[in-house]
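entry-v9.txt (compact mmCIF, C-alpha atoms)
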```
# COMPACT_ATOMS: atom_id res chain seq x y z
CA MET Q 633 103.03 -235.49 -35.62
CA SER Q 634 102.02 -238.90 -36.81
CA THR Q 635 99.31 -240.84 -35.01
CA LEU Q 636 96.88 -243.63 -35.81
CA SER Q 637 93.95 -242.03 -33.95
CA LYS Q 638 91.88 -238.98 -34.78
CA HIS Q 639 92.97 -235.84 -32.86
CA CYS Q 640 90.18 -234.16 -30.91
CA CYS Q 641 91.96 -231.20 -29.38
CA LEU Q 642 95.33 -229.44 -29.60
CA SER Q 643 96.92 -227.06 -27.11
CA TRP Q 644 100.13 -225.07 -27.48
CA ASN Q 645 102.30 -224.45 -24.40
CA LYS Q 646 102.65 -220.66 -24.38
CA PHE Q 647 105.53 -220.81 -21.89
CA THR Q 648 107.94 -223.27 -23.52
CA LYS Q 649 106.86 -222.50 -27.11
CA ASN Q 650 107.98 -225.92 -28.41
CA GLN Q 651 105.33 -228.17 -26.84
CA ILE Q 652 101.94 -229.11 -28.25
CA ALA Q 653 99.52 -231.43 -26.48
CA SER Q 654 96.89 -233.48 -28.27
CA SER Q 655 94.00 -235.64 -27.16
CA ASP Q 656 92.42 -238.35 -29.30
CA CYS Q 657 89.44 -240.67 -29.72
CA GLU Q 658 91.31 -243.52 -28.00
CA GLY Q 659 91.54 -241.49 -24.78
CA ILE Q 660 95.26 -240.86 -25.17
CA VAL Q 661 96.86 -237.51 -24.33
CA THR Q 662 100.21 -236.90 -26.03
CA VAL Q 663 102.77 -234.13 -25.54
CA TRP Q 664 104.74 -233.39 -28.71
CA ASP Q 665 107.99 -231.54 -29.33
CA ALA Q 666 106.98 -229.12 -32.08
CA THR Q 667 110.58 -228.71 -33.23
CA THR Q 668 111.28 -232.41 -33.81
CA GLN Q 669 107.63 -233.47 -34.34
CA GLN Q 670 108.23 -236.39 -31.96
CA SER Q 671 106.12 -237.61 -29.06
CA VAL Q 672 107.71 -236.64 -25.71
CA MET Q 673 105.12 -238.06 -23.29
CA GLU Q 674 101.98 -240.11 -23.57
CA TYR Q 675 99.19 -240.60 -21.04
CA LYS Q 676 96.77 -243.53 -21.42
CA GLU Q 677 94.63 -242.79 -18.37
CA HIS Q 678 91.28 -242.10 -20.03
CA GLU Q 679 88.94 -245.00 -20.76
CA LYS Q 680 86.96 -243.19 -23.46
CA TRP Q 681 87.27 -240.39 -26.02
CA ALA Q 682 89.46 -237.53 -24.66
CA TRP Q 683 87.73 -234.39 -25.93
CA SER Q 684 89.85 -231.67 -24.40
CA VAL Q 685 93.40 -230.89 -23.37
CA ASP Q 686 94.99 -227.64 -22.22
CA PHE Q 687 98.18 -226.40 -20.60
CA SER Q 688 97.80 -224.51 -17.33
CA CYS Q 689 97.96 -220.71 -17.67
CA THR Q 690 99.75 -220.38 -14.33
CA GLU Q 691 101.88 -223.54 -14.17
CA PRO Q 692 103.58 -224.50 -17.49
CA SER Q 693 104.42 -228.00 -16.23
CA MET Q 694 100.75 -228.94 -15.74
CA LEU Q 695 98.37 -230.25 -18.36
CA VAL Q 696 94.65 -230.94 -17.89
CA SER Q 697 92.49 -233.27 -19.96
CA GLY Q 698 88.81 -234.18 -20.01
CA SER Q 699 87.05 -237.22 -21.43
CA ASP Q 700 83.74 -239.01 -22.01
CA ASP Q 701 84.68 -241.22 -19.04
CA CYS Q 702 83.81 -238.17 -16.85
CA LYS Q 703 87.40 -237.86 -15.62
CA ASP Q 704 89.20 -234.54 -15.48
CA LEU Q 705 92.89 -235.42 -15.13
CA LYS Q 706 95.95 -233.35 -14.29
CA HIS Q 707 99.25 -234.43 -15.82
CA GLY Q 708 102.74 -233.32 -14.83
CA ILE Q 709 105.05 -232.78 -17.79
CA LEU Q 710 108.72 -232.06 -18.36
CA VAL Q 711 109.41 -228.47 -19.26
CA GLY Q 712 112.50 -227.58 -21.17
```

Exercise: express the given structure as structure tokens:
Amino acid sequence: MSTLSKHCCLSWNKFTKNQIASSDCEGIVTVWDATTQQSVMEYKEHEKWAWSVDFSCTEPSMLVSGSDDCKDLKHGILVG
């Protein structure tokens, strides 16, 4: 998992077992394939530092992130 920005938060998808989400100081939320260590999806919707990211406990295809821009965002992801 190579990135130029500092990671703030990591979350492991307990349902698919091979996905990790990260948030960083640039406001970017990235979903990684833990097996290949490659970025699968990237969200650039936050305008400031994204402090938190977590997969939904009830819906494995949903990801939530929070940021200093006061936005709480829901992201749909591919599960597989």

When you look at Val685 (chain Q) with a cut-off of 8 Å (counting all atoms listed in the file), what residues show up, excluding the ones that are within fewer than 5 positions of it in the same chain? I need them as a compact mmCIF listing (two decimals) with C-alpha atoms, keeping the file's coordinate frame.
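Saved the output as part.txt:
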```
# COMPACT_ATOMS: atom_id res chain seq x y z
CA CYS Q 641 91.96 -231.20 -29.38
CA LEU Q 642 95.33 -229.44 -29.60
CA SER Q 643 96.92 -227.06 -27.11
CA ALA Q 653 99.52 -231.43 -26.48
CA SER Q 654 96.89 -233.48 -28.27
CA SER Q 655 94.00 -235.64 -27.16
CA VAL Q 661 96.86 -237.51 -24.33
CA LEU Q 695 98.37 -230.25 -18.36
CA VAL Q 696 94.65 -230.94 -17.89
CA SER Q 697 92.49 -233.27 -19.96
CA GLY Q 698 88.81 -234.18 -20.01
```

Q. So what do you get for CA of Cys640 (chain Q) versus CA of Thr690 (chain Q), distance-wise?
A.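 Answer for the CA of Cys640 (chain Q) to CA of Thr690 (chain Q) separation: 23.6 Å.
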
Q: Excluding Val672 (chain Q) and residues on its chain fewer than 6 positions from it, collect all residues at most 9 Å away from it, counting only C-alpha atoms, and give them as a list in words.
A: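 Residues meeting the cut-off are Gln651, Thr662, Val663, Trp664, Asp665 and Leu710 of chain Q.
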
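With distances taken over all atoms listed in the file, Q:Ile652 is the one residue among Q:Met694, Q:Ile652, Q:Cys657, Q:Cys702 lying closest to Ser671 (chain Q).
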
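Take CA of Lys680 (chain Q) and CA of Ser693 (chain Q): the distance between them is 24.2 Å.
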
Q: Have a look at CA of Asp686 (chain Q) and CA of Asp656 (chain Q) and let me know their distance in Å, one decimal.
A: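 Computed distance, CA of Asp686 (chain Q) to CA of Asp656 (chain Q), equals 13.1 Å.
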
Q: Would you please work out which residue, of Q:Ser684, Q:Asn645, Q:Ser699, Q:Asn650, is nearest to Thr667 (chain Q) when using all atoms listed in the file?
A: Q:Asn650

Set up a box along x, y and z of the file covering all listed atoms of region 670-682 of chain Q, add 8 Å on every one of the six sides, and write the centre and edge lengths in Å to one decimal, as AutoDock Vina command-line options.
```
--center_x 97.6 --center_y -240.7 --center_z -25.2 --size_x 37.3 --size_y 24.6 --size_z 29.6
```

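For the set Q:Gly659, Q:Lys703, Q:Lys649, Q:Pro692, the residue with the smallest atom-to-atom gap to Lys676 (chain Q) is Q:Gly659, counting all atoms listed in the file.
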
For Asp700 (chain Q): contacts at 8 Å, only C-alpha atoms, fewer than 6 positions along chain excluded, given as an mmCIF file with C-alpha atoms, keeping the file's coordinate frame:
```
data_model
loop_
_atom_site.group_PDB
_atom_site.id
_atom_site.type_symbol
_atom_site.label_atom_id
_atom_site.label_comp_id
_atom_site.auth_asym_id
_atom_site.auth_seq_id
_atom_site.Cartn_x
_atom_site.Cartn_y
_atom_site.Cartn_z
ATOM 1 C CA LYS Q 680 86.960 -243.190 -23.460
ATOM 2 C CA TRP Q 681 87.270 -240.390 -26.020
ATOM 3 C CA ALA Q 682 89.460 -237.530 -24.660
ATOM 4 C CA TRP Q 683 87.730 -234.390 -25.930
#
```

Output of region 667-711 of chain Q limited to C-alpha atoms, as a PDB file, in the first residue's frame:
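Printed below is out.pdb as written:
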```pdb
ATOM      1  CA  THR Q 667      -4.111  -9.475  -1.395  1.00  0.00           C
ATOM      2  CA  THR Q 668      -2.535  -7.504  -4.253  1.00  0.00           C
ATOM      3  CA  GLN Q 669      -1.756  -4.340  -2.213  1.00  0.00           C
ATOM      4  CA  GLN Q 670      -3.247  -2.266  -5.047  1.00  0.00           C
ATOM      5  CA  SER Q 671      -5.714   0.604  -4.901  1.00  0.00           C
ATOM      6  CA  VAL Q 672      -9.185  -0.525  -6.048  1.00  0.00           C
ATOM      7  CA  MET Q 673     -11.146   2.725  -5.598  1.00  0.00           C
ATOM      8  CA  GLU Q 674     -10.326   6.276  -4.637  1.00  0.00           C
ATOM      9  CA  TYR Q 675     -12.645   9.037  -3.441  1.00  0.00           C
ATOM     10  CA  LYS Q 676     -11.495  12.665  -3.571  1.00  0.00           C
ATOM     11  CA  GLU Q 677     -14.636  14.225  -2.125  1.00  0.00           C
ATOM     12  CA  HIS Q 678     -13.249  15.748   1.077  1.00  0.00           C
ATOM     13  CA  GLU Q 679     -11.767  19.241   0.970  1.00  0.00           C
ATOM     14  CA  LYS Q 680      -9.682  18.829   4.134  1.00  0.00           C
ATOM     15  CA  TRP Q 681      -7.982  16.174   6.262  1.00  0.00           C
ATOM     16  CA  ALA Q 682     -10.055  12.938   6.322  1.00  0.00           C
ATOM     17  CA  TRP Q 683      -9.703  11.706   9.900  1.00  0.00           C
ATOM     18  CA  SER Q 684     -11.914   8.643   9.886  1.00  0.00           C
ATOM     19  CA  VAL Q 685     -13.089   5.843   7.642  1.00  0.00           C
ATOM     20  CA  ASP Q 686     -15.081   2.704   8.440  1.00  0.00           C
ATOM     21  CA  PHE Q 687     -16.955  -0.055   6.649  1.00  0.00           C
ATOM     22  CA  SER Q 688     -20.626  -0.473   7.544  1.00  0.00           C
ATOM     23  CA  CYS Q 689     -21.330  -3.290  10.017  1.00  0.00           C
ATOM     24  CA  THR Q 690     -24.627  -4.113   8.300  1.00  0.00           C
ATOM     25  CA  GLU Q 691     -23.900  -3.361   4.633  1.00  0.00           C
ATOM     26  CA  PRO Q 692     -20.443  -4.509   3.410  1.00  0.00           C
ATOM     27  CA  SER Q 693     -20.692  -2.419   0.231  1.00  0.00           C
ATOM     28  CA  MET Q 694     -20.928   0.872   2.164  1.00  0.00           C
ATOM     29  CA  LEU Q 695     -18.060   2.923   3.517  1.00  0.00           C
ATOM     30  CA  VAL Q 696     -18.343   6.071   5.649  1.00  0.00           C
ATOM     31  CA  SER Q 697     -15.724   8.784   6.053  1.00  0.00           C
ATOM     32  CA  GLY Q 698     -15.448  11.958   8.118  1.00  0.00           C
ATOM     33  CA  SER Q 699     -13.264  15.014   7.638  1.00  0.00           C
ATOM     34  CA  ASP Q 700     -12.238  18.438   8.953  1.00  0.00           C
ATOM     35  CA  ASP Q 701     -14.480  19.892   6.233  1.00  0.00           C
ATOM     36  CA  CYS Q 702     -17.426  18.806   8.462  1.00  0.00           C
ATOM     37  CA  LYS Q 703     -18.677  16.344   5.840  1.00  0.00           C
ATOM     38  CA  ASP Q 704     -19.713  12.810   6.719  1.00  0.00           C
ATOM     39  CA  LEU Q 705     -19.783  10.940   3.405  1.00  0.00           C
ATOM     40  CA  LYS Q 706     -21.137   7.543   2.414  1.00  0.00           C
ATOM     41  CA  HIS Q 707     -19.353   5.717  -0.390  1.00  0.00           C
ATOM     42  CA  GLY Q 708     -20.593   2.721  -2.365  1.00  0.00           C
ATOM     43  CA  ILE Q 709     -17.875   0.163  -3.100  1.00  0.00           C
ATOM     44  CA  LEU Q 710     -17.507  -2.979  -5.158  1.00  0.00           C
ATOM     45  CA  VAL Q 711     -17.615  -6.133  -3.095  1.00  0.00           C
TER      46      VAL Q 711
END
```
